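Written out below as structure tokens is the structure these notes cover.
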Number of protein chains: 2
Amino acid sequence: MKKILDIISRVPIFSGLLENQLQEIRKIAVDRYVDKGEIIFSEGDEGNGFFVITDGRIKIFKASIEGKEQILHILGPGEPFGQVAVFTGKPFPANAQAIAKSRLLFFPRTEFVDLISGNASLSLNMLAALSMRLQDFTVQVGDLSLKDAPGRLASYLLFMADEQGKGDYVTLNISKLQLAHLLGTIPETLSRTFSKMTEQDLIKVDGRTITLVNCPGLERLAE
Amino acid sequence: MKKILDIISRVPIFSGLLENQLQEIRKIAVDRYVDKGEIIFSEGDEGNGFFVITDGRIKIFKASIEGKEQILHILGPGEPFGQVAVFTGKPFPANAQAIAKSRLLFFPRTEFVDLISGNASLSLNMLAALSMRLQDFTVQVGDLSLKDAPGRLASYLLFMADEQGKGDYVTLNISKLQLAHLLGTIPETLSRTFSKMTEQDLIKVDGRTITLVNCPGLERLAE
DNA sequence: TCATTACCTTGACTTAAGTCAAAAATGGGT
DNA sequence: ACCCATTTTTGACTTAAGTCAAGGTAATGA
């Protein structure tokens with residue numbers, strides 16, 4: 001069991017802070033464990049604070065009445081979520097659910113806003129974090145509207161290959177059902193897209209391991 | 001011709017600041033006029049500052065190679081754009097173009113970051129502005145993926161009716177071509193959707209004036 | 001180990017929405 | 001008031017991707 005202060009000091013949004021500033025943050029942090037499948041908050045809930053993931057994996061998603069869902073983000077250790085509600089003062093605009101057993105730190109809204117007011121580094125880190133998230137959305141909206149399912153899958157695979165940097169193969173860290181919902185499609189279509197791309201010798205699929213056989217071809221698909 | 005300081009004092013992201021802080025901001029602001037159709041920045045350009053709209057109207061959009069476009073935001077007086085690149089230090093993730101003759105204030109990156117470091121109110125205003133933008137994206141991604149074209153149009157009309165608050169009619173402030181691109185579709189589909197909704201006595205269309213005849217019906221369409 | 005559940009794939013069918021083409025309407029600017 | 005350019009509409013056609021249904025596979029826990 002790691003010390004909370006140690007964890008906090010390794011979180012990007014708290015980087016570059018002084019020892020006493022980290023201790024201030026530690027004072028307001030609330031430790032919390034959640035099981036796989038547990039809902040952390042739902043769209044419309046009052047946003048009385050935000051979270052940082054210590055361990056595990058969380059999905060942020062929108063759902064329709066008929067049960068369809070669109071994943072907005074898949075987040076892992078070190079990443080914050082729920083900040084938007086903290087700074088807008090409005091309810092959470094989406095749902096958060098653990099897709100693996102996870103450990104979280106919760107930061108209550110008013111205490112955190114007080115902290116940030118007297119801490120320029122923390123402000124700038126937070127501005128950077130929100131801006132990165134906005135940039136991700138920019139890509140997601142563009143992709144959803146301008147690319148077809150194969151194009152979105154190709155983009156995702158190339159992005160992951162780059163991020164994982166383990167040569168030309170990618171290990172999916174989520175189920176294909178979740179991936180379908182992240183890419184704005186359904187598992188049937190995703191499965192057929194994997195098959196088609198395999199036939200065309202663009203990739204090779206073995207469970208959750210995807211080998212990128214023809215990267216230039218994938219880049220062309222992704223436009 | 002209004003004084004720049006007057007303009008700045010009325011911009012939401014600069015609200016609640018002291019007189020001398022507003023003067024600091026005024027010192028780094030660069031005044032600029034752009035014509036309708038003029039590109040202000042393109043995706044990939046270096047993000048060396050951000051803009052606030054004094055007058056006019058700006059669209060932020062993604063484009064594909066084949067010429068399709070998806071509008072991310074339509075912005076008007078008082079609204080900032082291009083901040084993401086300021087805080088990520090990365091290039092602009094989308095394009096900005098004037099869709100009307102406009103007047104802008106430009107704030108250079110390094111000067112602005114210096115200002116924000118010593119100004120807690122400005123930080124919090126900026127955090128709030130970015131968070132609102134994130135919330136808008138949340139809605140846009142959900143709608144694009146979970147609603148069909150009539151559902152997205154119904155949502156838009158209801159949103160605008162609420163925003164304009166002028167009873168049950170809406171005046172479009174953009175062309176139907178732009179609206180199609182904002183809703184993630186094409187003008188042909190939008191036109192057919194308007195026709196269908198008129199047949200069903202949900203709305204009445206007269207140029208850019210839309211009367212909402214059956215709001216509950218529209219809400220049902222929008223889910 | 002077995003059983004139960006969740007996940008993934010495949011096939012046949014349907015449909016929303018895009019494409020292409022052309023006509024009609026609108027609206028500045030001179 | 002007229003002309004040119006943009007915007008909007010309409011029609012016929014195509015297609016990507018969703019739905020429904022069923023079978024297969026993998027994974028988890030008692």
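Every chain in the structure tokens takes a letter, A first, then B, and so on in the order presented; its residues are numbered from 1, and the ligands are numbered from 1 following the presented order.
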
Transformed chain A, reference chain B, full Cα set in order, as a PDB file with C-alpha atoms, in the first residue's frame:
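Below you can see part.pdb, which holds the result:
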ATOM      1  CA  MET A   1     -14.749  52.716 -32.453  1.00  0.00           C
ATOM      2  CA  LYS A   2     -14.785  51.432 -28.886  1.00  0.00           C
ATOM      3  CA  LYS A   3     -11.796  51.698 -26.593  1.00  0.00           C
ATOM      4  CA  ILE A   4      -9.950  48.417 -26.195  1.00  0.00           C
ATOM      5  CA  LEU A   5     -10.001  48.695 -22.400  1.00  0.00           C
ATOM      6  CA  ASP A   6     -13.793  49.025 -22.469  1.00  0.00           C
ATOM      7  CA  ILE A   7     -14.086  45.958 -24.626  1.00  0.00           C
ATOM      8  CA  ILE A   8     -11.761  43.925 -22.418  1.00  0.00           C
ATOM      9  CA  SER A   9     -13.684  44.822 -19.292  1.00  0.00           C
ATOM     10  CA  ARG A  10     -16.833  43.300 -20.777  1.00  0.00           C
ATOM     11  CA  VAL A  11     -15.309  39.967 -21.808  1.00  0.00           C
ATOM     12  CA  PRO A  12     -16.385  37.102 -19.499  1.00  0.00           C
ATOM     13  CA  ILE A  13     -12.878  35.613 -19.109  1.00  0.00           C
ATOM     14  CA  PHE A  14     -11.717  39.002 -17.792  1.00  0.00           C
ATOM     15  CA  SER A  15     -14.637  39.583 -15.433  1.00  0.00           C
ATOM     16  CA  GLY A  16     -14.024  40.331 -11.786  1.00  0.00           C
ATOM     17  CA  LEU A  17     -10.526  41.680 -12.418  1.00  0.00           C
ATOM     18  CA  LEU A  18      -9.167  44.868 -10.882  1.00  0.00           C
ATOM     19  CA  GLU A  19      -8.638  48.019 -12.959  1.00  0.00           C
ATOM     20  CA  ASN A  20      -4.838  47.619 -12.995  1.00  0.00           C
ATOM     21  CA  GLN A  21      -5.112  43.969 -13.988  1.00  0.00           C
ATOM     22  CA  LEU A  22      -7.303  44.955 -16.921  1.00  0.00           C
ATOM     23  CA  GLN A  23      -4.699  47.504 -17.919  1.00  0.00           C
ATOM     24  CA  GLU A  24      -1.999  44.819 -17.871  1.00  0.00           C
ATOM     25  CA  ILE A  25      -4.139  42.763 -20.216  1.00  0.00           C
ATOM     26  CA  ARG A  26      -4.790  45.741 -22.427  1.00  0.00           C
ATOM     27  CA  LYS A  27      -1.054  46.266 -22.800  1.00  0.00           C
ATOM     28  CA  ILE A  28      -0.502  42.882 -24.421  1.00  0.00           C
ATOM     29  CA  ALA A  29      -3.655  42.887 -26.586  1.00  0.00           C
ATOM     30  CA  VAL A  30      -3.258  43.286 -30.338  1.00  0.00           C
ATOM     31  CA  ASP A  31      -6.224  44.653 -32.308  1.00  0.00           C
ATOM     32  CA  ARG A  32      -7.035  42.969 -35.613  1.00  0.00           C
ATOM     33  CA  TYR A  33      -9.744  43.080 -38.260  1.00  0.00           C
ATOM     34  CA  VAL A  34     -10.626  40.153 -40.532  1.00  0.00           C
ATOM     35  CA  ASP A  35     -12.911  39.865 -43.538  1.00  0.00           C
ATOM     36  CA  LYS A  36     -15.635  37.315 -44.038  1.00  0.00           C
ATOM     37  CA  GLY A  37     -14.062  34.096 -45.285  1.00  0.00           C
ATOM     38  CA  GLU A  38     -10.600  34.921 -43.963  1.00  0.00           C
ATOM     39  CA  ILE A  39      -8.686  32.054 -42.359  1.00  0.00           C
ATOM     40  CA  ILE A  40      -7.367  33.089 -38.941  1.00  0.00           C
ATOM     41  CA  PHE A  41      -5.337  29.963 -38.321  1.00  0.00           C
ATOM     42  CA  SER A  42      -5.120  26.465 -39.715  1.00  0.00           C
ATOM     43  CA  GLU A  43      -4.736  23.100 -38.061  1.00  0.00           C
ATOM     44  CA  GLY A  44      -1.049  22.493 -37.424  1.00  0.00           C
ATOM     45  CA  ASP A  45      -0.071  26.169 -37.180  1.00  0.00           C
ATOM     46  CA  GLU A  46       2.067  27.088 -34.225  1.00  0.00           C
ATOM     47  CA  GLY A  47      -0.127  28.269 -31.358  1.00  0.00           C
ATOM     48  CA  ASN A  48       1.632  31.462 -30.363  1.00  0.00           C
ATOM     49  CA  GLY A  49      -1.401  33.088 -28.784  1.00  0.00           C
ATOM     50  CA  PHE A  50      -5.175  33.144 -28.586  1.00  0.00           C
ATOM     51  CA  PHE A  51      -8.020  35.428 -29.650  1.00  0.00           C
ATOM     52  CA  VAL A  52     -11.095  37.074 -28.219  1.00  0.00           C
ATOM     53  CA  ILE A  53     -13.892  38.130 -30.561  1.00  0.00           C
ATOM     54  CA  THR A  54     -14.871  41.799 -30.287  1.00  0.00           C
ATOM     55  CA  ASP A  55     -17.348  41.754 -33.156  1.00  0.00           C
ATOM     56  CA  GLY A  56     -18.419  39.286 -35.789  1.00  0.00           C
ATOM     57  CA  ARG A  57     -18.578  35.508 -35.914  1.00  0.00           C
ATOM     58  CA  ILE A  58     -15.919  32.807 -36.172  1.00  0.00           C
ATOM     59  CA  LYS A  59     -16.179  29.097 -36.904  1.00  0.00           C
ATOM     60  CA  ILE A  60     -13.737  26.514 -35.565  1.00  0.00           C
ATOM     61  CA  PHE A  61     -13.703  23.380 -37.709  1.00  0.00           C
ATOM     62  CA  LYS A  62     -11.966  20.206 -38.775  1.00  0.00           C
ATOM     63  CA  ALA A  63     -11.620  19.379 -42.465  1.00  0.00           C
ATOM     64  CA  SER A  64     -10.933  16.147 -44.332  1.00  0.00           C
ATOM     65  CA  ILE A  65      -8.843  15.780 -47.471  1.00  0.00           C
ATOM     66  CA  GLU A  66     -11.952  15.291 -49.618  1.00  0.00           C
ATOM     67  CA  GLY A  67     -13.225  18.695 -48.527  1.00  0.00           C
ATOM     68  CA  LYS A  68     -15.794  17.600 -45.975  1.00  0.00           C
ATOM     69  CA  GLU A  69     -15.891  19.696 -42.834  1.00  0.00           C
ATOM     70  CA  GLN A  70     -17.151  19.341 -39.281  1.00  0.00           C
ATOM     71  CA  ILE A  71     -17.734  22.536 -37.333  1.00  0.00           C
ATOM     72  CA  LEU A  72     -16.701  22.299 -33.681  1.00  0.00           C
ATOM     73  CA  HIS A  73     -17.905  25.726 -32.526  1.00  0.00           C
ATOM     74  CA  ILE A  74     -19.551  28.856 -33.814  1.00  0.00           C
ATOM     75  CA  LEU A  75     -18.341  31.750 -31.679  1.00  0.00           C
ATOM     76  CA  GLY A  76     -19.458  35.345 -31.278  1.00  0.00           C
ATOM     77  CA  PRO A  77     -18.534  38.566 -29.423  1.00  0.00           C
ATOM     78  CA  GLY A  78     -16.879  38.094 -26.036  1.00  0.00           C
ATOM     79  CA  GLU A  79     -15.843  34.521 -26.721  1.00  0.00           C
ATOM     80  CA  PRO A  80     -12.206  33.341 -26.760  1.00  0.00           C
ATOM     81  CA  PHE A  81     -10.682  30.808 -29.143  1.00  0.00           C
ATOM     82  CA  GLY A  82      -7.275  29.245 -29.706  1.00  0.00           C
ATOM     83  CA  GLN A  83      -6.532  28.956 -25.959  1.00  0.00           C
ATOM     84  CA  VAL A  84      -5.919  25.218 -26.121  1.00  0.00           C
ATOM     85  CA  ALA A  85      -2.678  25.710 -28.049  1.00  0.00           C
ATOM     86  CA  VAL A  86      -1.573  28.318 -25.504  1.00  0.00           C
ATOM     87  CA  PHE A  87      -1.732  25.896 -22.591  1.00  0.00           C
ATOM     88  CA  THR A  88      -0.664  22.689 -24.318  1.00  0.00           C
ATOM     89  CA  GLY A  89       2.204  24.334 -26.174  1.00  0.00           C
ATOM     90  CA  LYS A  90       1.181  22.298 -29.228  1.00  0.00           C
ATOM     91  CA  PRO A  91      -0.030  23.460 -32.657  1.00  0.00           C
ATOM     92  CA  PHE A  92      -3.657  24.485 -33.184  1.00  0.00           C
ATOM     93  CA  PRO A  93      -5.732  21.279 -33.415  1.00  0.00           C
ATOM     94  CA  ALA A  94      -8.340  22.772 -35.776  1.00  0.00           C
ATOM     95  CA  ASN A  95      -8.992  25.625 -38.210  1.00  0.00           C
ATOM     96  CA  ALA A  96     -10.491  29.052 -37.474  1.00  0.00           C
ATOM     97  CA  GLN A  97     -12.264  31.083 -40.148  1.00  0.00           C
ATOM     98  CA  ALA A  98     -14.347  34.267 -40.039  1.00  0.00           C
ATOM     99  CA  ILE A  99     -17.889  33.664 -41.283  1.00  0.00           C
ATOM    100  CA  ALA A 100     -18.596  37.414 -41.013  1.00  0.00           C
ATOM    101  CA  LYS A 101     -16.467  40.548 -41.010  1.00  0.00           C
ATOM    102  CA  SER A 102     -14.961  40.490 -37.535  1.00  0.00           C
ATOM    103  CA  ARG A 103     -12.815  42.348 -35.069  1.00  0.00           C
ATOM    104  CA  LEU A 104     -10.492  40.372 -32.817  1.00  0.00           C
ATOM    105  CA  LEU A 105      -8.085  40.890 -29.954  1.00  0.00           C
ATOM    106  CA  PHE A 106      -4.962  38.743 -30.037  1.00  0.00           C
ATOM    107  CA  PHE A 107      -3.081  37.805 -26.862  1.00  0.00           C
ATOM    108  CA  PRO A 108       0.486  36.510 -27.335  1.00  0.00           C
ATOM    109  CA  ARG A 109       1.189  33.274 -25.562  1.00  0.00           C
ATOM    110  CA  THR A 110       4.179  33.980 -23.326  1.00  0.00           C
ATOM    111  CA  GLU A 111       2.942  37.382 -22.198  1.00  0.00           C
ATOM    112  CA  PHE A 112      -0.438  35.945 -21.328  1.00  0.00           C
ATOM    113  CA  VAL A 113       0.984  32.978 -19.412  1.00  0.00           C
ATOM    114  CA  ASP A 114       3.093  35.425 -17.395  1.00  0.00           C
ATOM    115  CA  LEU A 115      -0.019  37.435 -16.577  1.00  0.00           C
ATOM    116  CA  ILE A 116      -2.041  34.421 -15.544  1.00  0.00           C
ATOM    117  CA  SER A 117       0.691  33.161 -13.198  1.00  0.00           C
ATOM    118  CA  GLY A 118       0.199  36.136 -10.915  1.00  0.00           C
ATOM    119  CA  ASN A 119      -3.546  36.414 -11.192  1.00  0.00           C
ATOM    120  CA  ALA A 120      -5.748  33.846  -9.492  1.00  0.00           C
ATOM    121  CA  SER A 121      -9.052  35.307 -10.757  1.00  0.00           C
ATOM    122  CA  LEU A 122      -7.850  35.176 -14.316  1.00  0.00           C
ATOM    123  CA  SER A 123      -6.739  31.549 -13.848  1.00  0.00           C
ATOM    124  CA  LEU A 124     -10.099  30.524 -12.468  1.00  0.00           C
ATOM    125  CA  ASN A 125     -11.963  32.358 -15.248  1.00  0.00           C
ATOM    126  CA  MET A 126      -9.838  30.580 -17.800  1.00  0.00           C
ATOM    127  CA  LEU A 127     -10.368  27.210 -16.116  1.00  0.00           C
ATOM    128  CA  ALA A 128     -14.098  27.858 -16.172  1.00  0.00           C
ATOM    129  CA  ALA A 129     -14.023  28.840 -19.851  1.00  0.00           C
ATOM    130  CA  LEU A 130     -12.107  25.714 -20.852  1.00  0.00           C
ATOM    131  CA  SER A 131     -14.409  23.579 -18.740  1.00  0.00           C
ATOM    132  CA  MET A 132     -17.492  25.012 -20.443  1.00  0.00           C
ATOM    133  CA  ARG A 133     -15.940  24.214 -23.783  1.00  0.00           C
ATOM    134  CA  LEU A 134     -15.275  20.645 -22.615  1.00  0.00           C
ATOM    135  CA  GLN A 135     -18.869  20.341 -21.568  1.00  0.00           C
ATOM    136  CA  ASP A 136     -20.006  21.473 -25.019  1.00  0.00           C
ATOM    137  CA  PHE A 137     -17.800  18.818 -26.590  1.00  0.00           C
ATOM    138  CA  THR A 138     -19.275  16.199 -24.299  1.00  0.00           C
ATOM    139  CA  VAL A 139     -22.688  17.036 -25.697  1.00  0.00           C
ATOM    140  CA  GLN A 140     -21.439  17.185 -29.276  1.00  0.00           C
ATOM    141  CA  VAL A 141     -19.715  13.783 -29.174  1.00  0.00           C
ATOM    142  CA  GLY A 142     -22.740  12.200 -27.514  1.00  0.00           C
ATOM    143  CA  ASP A 143     -25.116  13.704 -30.038  1.00  0.00           C
ATOM    144  CA  LEU A 144     -23.004  12.783 -33.069  1.00  0.00           C
ATOM    145  CA  SER A 145     -22.831   9.185 -31.995  1.00  0.00           C
ATOM    146  CA  LEU A 146     -26.126   8.541 -30.235  1.00  0.00           C
ATOM    147  CA  LYS A 147     -28.636  10.654 -32.178  1.00  0.00           C
ATOM    148  CA  ASP A 148     -29.746  10.642 -35.805  1.00  0.00           C
ATOM    149  CA  ALA A 149     -29.952  13.759 -37.954  1.00  0.00           C
ATOM    150  CA  PRO A 150     -33.524  14.689 -36.918  1.00  0.00           C
ATOM    151  CA  GLY A 151     -32.589  14.205 -33.275  1.00  0.00           C
ATOM    152  CA  ARG A 152     -29.576  16.466 -33.589  1.00  0.00           C
ATOM    153  CA  LEU A 153     -31.576  19.153 -35.370  1.00  0.00           C
ATOM    154  CA  ALA A 154     -34.320  18.987 -32.749  1.00  0.00           C
ATOM    155  CA  SER A 155     -31.717  19.312 -29.976  1.00  0.00           C
ATOM    156  CA  TYR A 156     -30.180  22.292 -31.702  1.00  0.00           C
ATOM    157  CA  LEU A 157     -33.513  24.068 -32.179  1.00  0.00           C
ATOM    158  CA  LEU A 158     -34.544  23.516 -28.562  1.00  0.00           C
ATOM    159  CA  PHE A 159     -31.144  24.721 -27.367  1.00  0.00           C
ATOM    160  CA  MET A 160     -31.337  27.859 -29.495  1.00  0.00           C
ATOM    161  CA  ALA A 161     -34.921  28.591 -28.480  1.00  0.00           C
ATOM    162  CA  ASP A 162     -33.835  28.400 -24.863  1.00  0.00           C
ATOM    163  CA  GLU A 163     -30.777  30.548 -25.465  1.00  0.00           C
ATOM    164  CA  GLN A 164     -32.605  33.204 -27.494  1.00  0.00           C
ATOM    165  CA  GLY A 165     -35.584  33.114 -25.135  1.00  0.00           C
ATOM    166  CA  LYS A 166     -37.835  34.886 -27.632  1.00  0.00           C
ATOM    167  CA  GLY A 167     -40.782  32.547 -27.330  1.00  0.00           C
ATOM    168  CA  ASP A 168     -41.134  29.489 -29.505  1.00  0.00           C
ATOM    169  CA  TYR A 169     -39.224  30.643 -32.486  1.00  0.00           C
ATOM    170  CA  VAL A 170     -35.590  30.579 -33.411  1.00  0.00           C
ATOM    171  CA  THR A 171     -33.618  32.794 -35.758  1.00  0.00           C
ATOM    172  CA  LEU A 172     -30.675  30.954 -37.287  1.00  0.00           C
ATOM    173  CA  ASN A 173     -27.555  33.076 -37.084  1.00  0.00           C
ATOM    174  CA  ILE A 174     -25.682  30.928 -39.597  1.00  0.00           C
ATOM    175  CA  SER A 175     -26.479  29.593 -43.070  1.00  0.00           C
ATOM    176  CA  LYS A 176     -28.085  26.182 -43.442  1.00  0.00           C
ATOM    177  CA  LEU A 177     -24.882  24.979 -45.081  1.00  0.00           C
ATOM    178  CA  GLN A 178     -22.947  25.903 -41.918  1.00  0.00           C
ATOM    179  CA  LEU A 179     -25.672  24.426 -39.734  1.00  0.00           C
ATOM    180  CA  ALA A 180     -25.426  21.138 -41.633  1.00  0.00           C
ATOM    181  CA  HIS A 181     -21.679  21.076 -40.997  1.00  0.00           C
ATOM    182  CA  LEU A 182     -22.213  21.925 -37.336  1.00  0.00           C
ATOM    183  CA  LEU A 183     -24.697  19.052 -36.934  1.00  0.00           C
ATOM    184  CA  GLY A 184     -22.402  16.580 -38.660  1.00  0.00           C
ATOM    185  CA  THR A 185     -24.395  16.187 -41.845  1.00  0.00           C
ATOM    186  CA  ILE A 186     -24.740  17.703 -45.348  1.00  0.00           C
ATOM    187  CA  PRO A 187     -27.119  20.380 -46.656  1.00  0.00           C
ATOM    188  CA  GLU A 188     -29.235  17.882 -48.640  1.00  0.00           C
ATOM    189  CA  THR A 189     -29.962  15.819 -45.552  1.00  0.00           C
ATOM    190  CA  LEU A 190     -30.630  18.914 -43.455  1.00  0.00           C
ATOM    191  CA  SER A 191     -33.061  20.241 -46.033  1.00  0.00           C
ATOM    192  CA  ARG A 192     -34.936  16.939 -46.164  1.00  0.00           C
ATOM    193  CA  THR A 193     -35.008  16.839 -42.358  1.00  0.00           C
ATOM    194  CA  PHE A 194     -36.525  20.342 -42.214  1.00  0.00           C
ATOM    195  CA  SER A 195     -39.174  19.229 -44.743  1.00  0.00           C
ATOM    196  CA  LYS A 196     -40.030  16.068 -42.839  1.00  0.00           C
ATOM    197  CA  MET A 197     -40.324  17.925 -39.527  1.00  0.00           C
ATOM    198  CA  THR A 198     -42.559  20.513 -41.192  1.00  0.00           C
ATOM    199  CA  GLU A 199     -44.836  17.779 -42.607  1.00  0.00           C
ATOM    200  CA  GLN A 200     -45.124  16.332 -39.100  1.00  0.00           C
ATOM    201  CA  ASP A 201     -46.193  19.764 -37.785  1.00  0.00           C
ATOM    202  CA  LEU A 202     -43.233  19.898 -35.445  1.00  0.00           C
ATOM    203  CA  ILE A 203     -41.876  23.151 -36.871  1.00  0.00           C
ATOM    204  CA  LYS A 204     -42.529  25.826 -39.468  1.00  0.00           C
ATOM    205  CA  VAL A 205     -39.677  27.127 -41.598  1.00  0.00           C
ATOM    206  CA  ASP A 206     -39.524  30.573 -43.187  1.00  0.00           C
ATOM    207  CA  GLY A 207     -36.011  31.300 -44.407  1.00  0.00           C
ATOM    208  CA  ARG A 208     -33.871  31.554 -41.306  1.00  0.00           C
ATOM    209  CA  THR A 209     -36.836  31.816 -38.951  1.00  0.00           C
ATOM    210  CA  ILE A 210     -38.002  28.518 -37.463  1.00  0.00           C
ATOM    211  CA  THR A 211     -41.182  28.345 -35.413  1.00  0.00           C
ATOM    212  CA  LEU A 212     -41.330  25.505 -32.906  1.00  0.00           C
ATOM    213  CA  VAL A 213     -44.918  24.279 -33.264  1.00  0.00           C
ATOM    214  CA  ASN A 214     -44.704  21.148 -31.122  1.00  0.00           C
ATOM    215  CA  CYS A 215     -42.007  21.345 -28.464  1.00  0.00           C
ATOM    216  CA  PRO A 216     -42.861  18.109 -26.650  1.00  0.00           C
ATOM    217  CA  GLY A 217     -42.653  16.334 -29.995  1.00  0.00           C
ATOM    218  CA  LEU A 218     -39.249  17.883 -30.614  1.00  0.00           C
ATOM    219  CA  GLU A 219     -38.035  16.854 -27.167  1.00  0.00           C
ATOM    220  CA  ARG A 220     -39.109  13.289 -27.905  1.00  0.00           C
ATOM    221  CA  LEU A 221     -37.146  13.373 -31.181  1.00  0.00           C
ATOM    222  CA  ALA A 222     -34.100  14.705 -29.332  1.00  0.00           C
ATOM    223  CA  GLU A 223     -34.531  11.947 -26.718  1.00  0.00           C
TER     224      GLU A 223
END

- Find the residues around region 2-5 of chain D up to 10 Å (only C-alpha atoms (C1' of nucleotides) counted), leave out those fewer than 4 positions away in its own chain, and share them as a PyMOL selection string. chain C and resi 27-30

Cut-off 9 Å: closest chain C/chain A atom pairs per residue, using only C-alpha atoms (C1' of nucleotides), as a tab-separated table:
residue	atom	partner	partner_atom	distance
C:DC7	C1'	A:Leu177	CA	7.6
C:DC8	C1'	A:Ser191	CA	7.6
C:DT9	C1'	A:Ser191	CA	6.8
C:DT10	C1'	A:Arg192	CA	8.7

- Mind checking DSSP for chain A and telling me the helix (DSSP H, G or I) residues as a PyMOL selection string? chain A and resi 4-9+12-14+19-28+83-88+109-117+120-146+149-164+176-182+187-199+215-222

Would you mind exporting C-alpha atoms of the selected residues as a short mmCIF file (atom, residue, chain, number, x, y, z; two decimals), in the first residue's frame?
data_model
loop_
_atom_site.label_atom_id
_atom_site.label_comp_id
_atom_site.auth_asym_id
_atom_site.auth_seq_id
_atom_site.Cartn_x
_atom_site.Cartn_y
_atom_site.Cartn_z
CA ILE A 4 -0.86 8.92 -0.54
CA LEU A 5 1.78 11.67 -0.58
CA ASP A 6 4.01 9.51 -2.77
CA ILE A 7 1.18 8.90 -5.17
CA ILE A 8 0.26 12.58 -5.35
CA SER A 9 3.82 13.60 -6.09
CA PRO A 12 1.17 15.01 -13.70
CA ILE A 13 -1.30 17.71 -12.59
CA PHE A 14 0.67 18.02 -9.34
CA GLU A 19 6.78 19.82 -0.76
CA ASN A 20 4.44 21.94 1.39
CA GLN A 21 2.04 22.45 -1.51
CA LEU A 22 1.88 18.69 -2.01
CA GLN A 23 1.11 18.31 1.68
CA GLU A 24 -1.76 20.80 1.37
CA ILE A 25 -3.16 18.69 -1.44
CA ARG A 26 -2.68 15.52 0.53
CA LYS A 27 -4.72 16.99 3.37
CA ILE A 28 -7.84 17.35 1.24
CA GLN A 83 -12.74 18.40 -13.17
CA VAL A 84 -15.13 20.04 -15.61
CA ALA A 85 -17.92 20.08 -13.03
CA VAL A 86 -15.53 21.59 -10.48
CA PHE A 87 -14.82 24.65 -12.60
CA THR A 88 -18.20 25.14 -14.25
CA ARG A 109 -14.53 21.08 -4.92
CA THR A 110 -14.37 24.07 -2.58
CA GLU A 111 -11.18 22.97 -0.85
CA PHE A 112 -9.49 22.41 -4.18
CA VAL A 113 -10.58 25.76 -5.63
CA ASP A 114 -9.18 27.45 -2.52
CA LEU A 115 -5.87 25.67 -3.05
CA ILE A 116 -5.64 26.56 -6.71
CA SER A 117 -6.30 30.25 -6.04
CA ALA A 120 0.04 29.43 -9.89
CA SER A 121 1.82 26.18 -10.84
CA LEU A 122 -1.22 24.16 -9.96
CA SER A 123 -3.43 26.49 -12.03
CA LEU A 124 -1.20 26.18 -15.06
CA ASN A 125 -1.01 22.38 -14.70
CA MET A 126 -4.77 22.24 -14.54
CA LEU A 127 -5.14 24.54 -17.54
CA ALA A 128 -2.76 22.30 -19.45
CA ALA A 129 -4.67 19.16 -18.44
CA LEU A 130 -8.02 20.61 -19.53
CA SER A 131 -6.48 21.84 -22.77
CA MET A 132 -5.12 18.38 -23.57
CA ARG A 133 -8.56 16.96 -22.98
CA LEU A 134 -10.04 19.57 -25.33
CA GLN A 135 -7.52 18.60 -27.95
CA ASP A 136 -8.53 14.95 -27.62
CA PHE A 137 -12.16 15.93 -28.12
CA THR A 138 -11.22 17.91 -31.20
CA VAL A 139 -9.79 14.74 -32.69
CA GLN A 140 -12.72 12.62 -31.56
CA VAL A 141 -15.39 14.91 -33.05
CA GLY A 142 -13.45 15.20 -36.30
CA ASP A 143 -12.98 11.46 -36.54
CA LEU A 144 -16.60 10.62 -35.70
CA SER A 145 -17.88 12.91 -38.40
CA LEU A 146 -15.24 12.77 -41.11
CA ALA A 149 -15.39 2.89 -39.16
CA PRO A 150 -12.25 1.45 -40.82
CA GLY A 151 -10.66 4.89 -40.80
CA ARG A 152 -11.37 5.36 -37.11
CA LEU A 153 -10.01 1.92 -36.25
CA ALA A 154 -6.87 2.54 -38.30
CA SER A 155 -6.35 5.89 -36.54
CA TYR A 156 -6.77 4.23 -33.17
CA LEU A 157 -4.30 1.44 -33.94
CA LEU A 158 -1.68 3.86 -35.24
CA PHE A 159 -2.16 6.08 -32.20
CA MET A 160 -1.80 3.15 -29.81
CA ALA A 161 1.23 1.77 -31.62
CA ASP A 162 2.87 5.16 -31.28
CA GLU A 163 1.90 5.47 -27.63
CA GLN A 164 2.98 1.95 -26.67
CA LYS A 176 -13.52 -5.09 -28.18
CA LEU A 177 -16.99 -4.20 -26.93
CA GLN A 178 -15.53 -1.14 -25.16
CA LEU A 179 -13.37 -0.34 -28.17
CA ALA A 180 -16.45 -0.38 -30.41
CA HIS A 181 -18.16 2.09 -28.07
CA LEU A 182 -15.04 4.26 -27.98
CA PRO A 187 -19.16 -4.79 -31.79
CA GLU A 188 -20.57 -6.44 -34.94
CA THR A 189 -19.24 -3.68 -37.16
CA LEU A 190 -15.89 -3.63 -35.36
CA SER A 191 -15.52 -7.37 -35.76
CA ARG A 192 -16.28 -7.18 -39.48
CA THR A 193 -13.83 -4.29 -39.82
CA PHE A 194 -11.07 -6.33 -38.14
CA SER A 195 -11.81 -9.20 -40.56
CA LYS A 196 -11.75 -6.99 -43.63
CA MET A 197 -8.47 -5.34 -42.59
CA THR A 198 -6.96 -8.77 -41.97
CA GLU A 199 -8.03 -9.99 -45.44
CA CYS A 215 1.41 0.86 -41.72
CA PRO A 216 1.37 3.04 -44.84
CA GLY A 217 -1.83 1.30 -45.86
CA LEU A 218 -3.32 2.01 -42.45
CA GLU A 219 -2.30 5.66 -42.65
CA ARG A 220 -4.04 5.91 -46.01
CA LEU A 221 -7.21 4.42 -44.49
CA ALA A 222 -7.01 6.91 -41.62
#
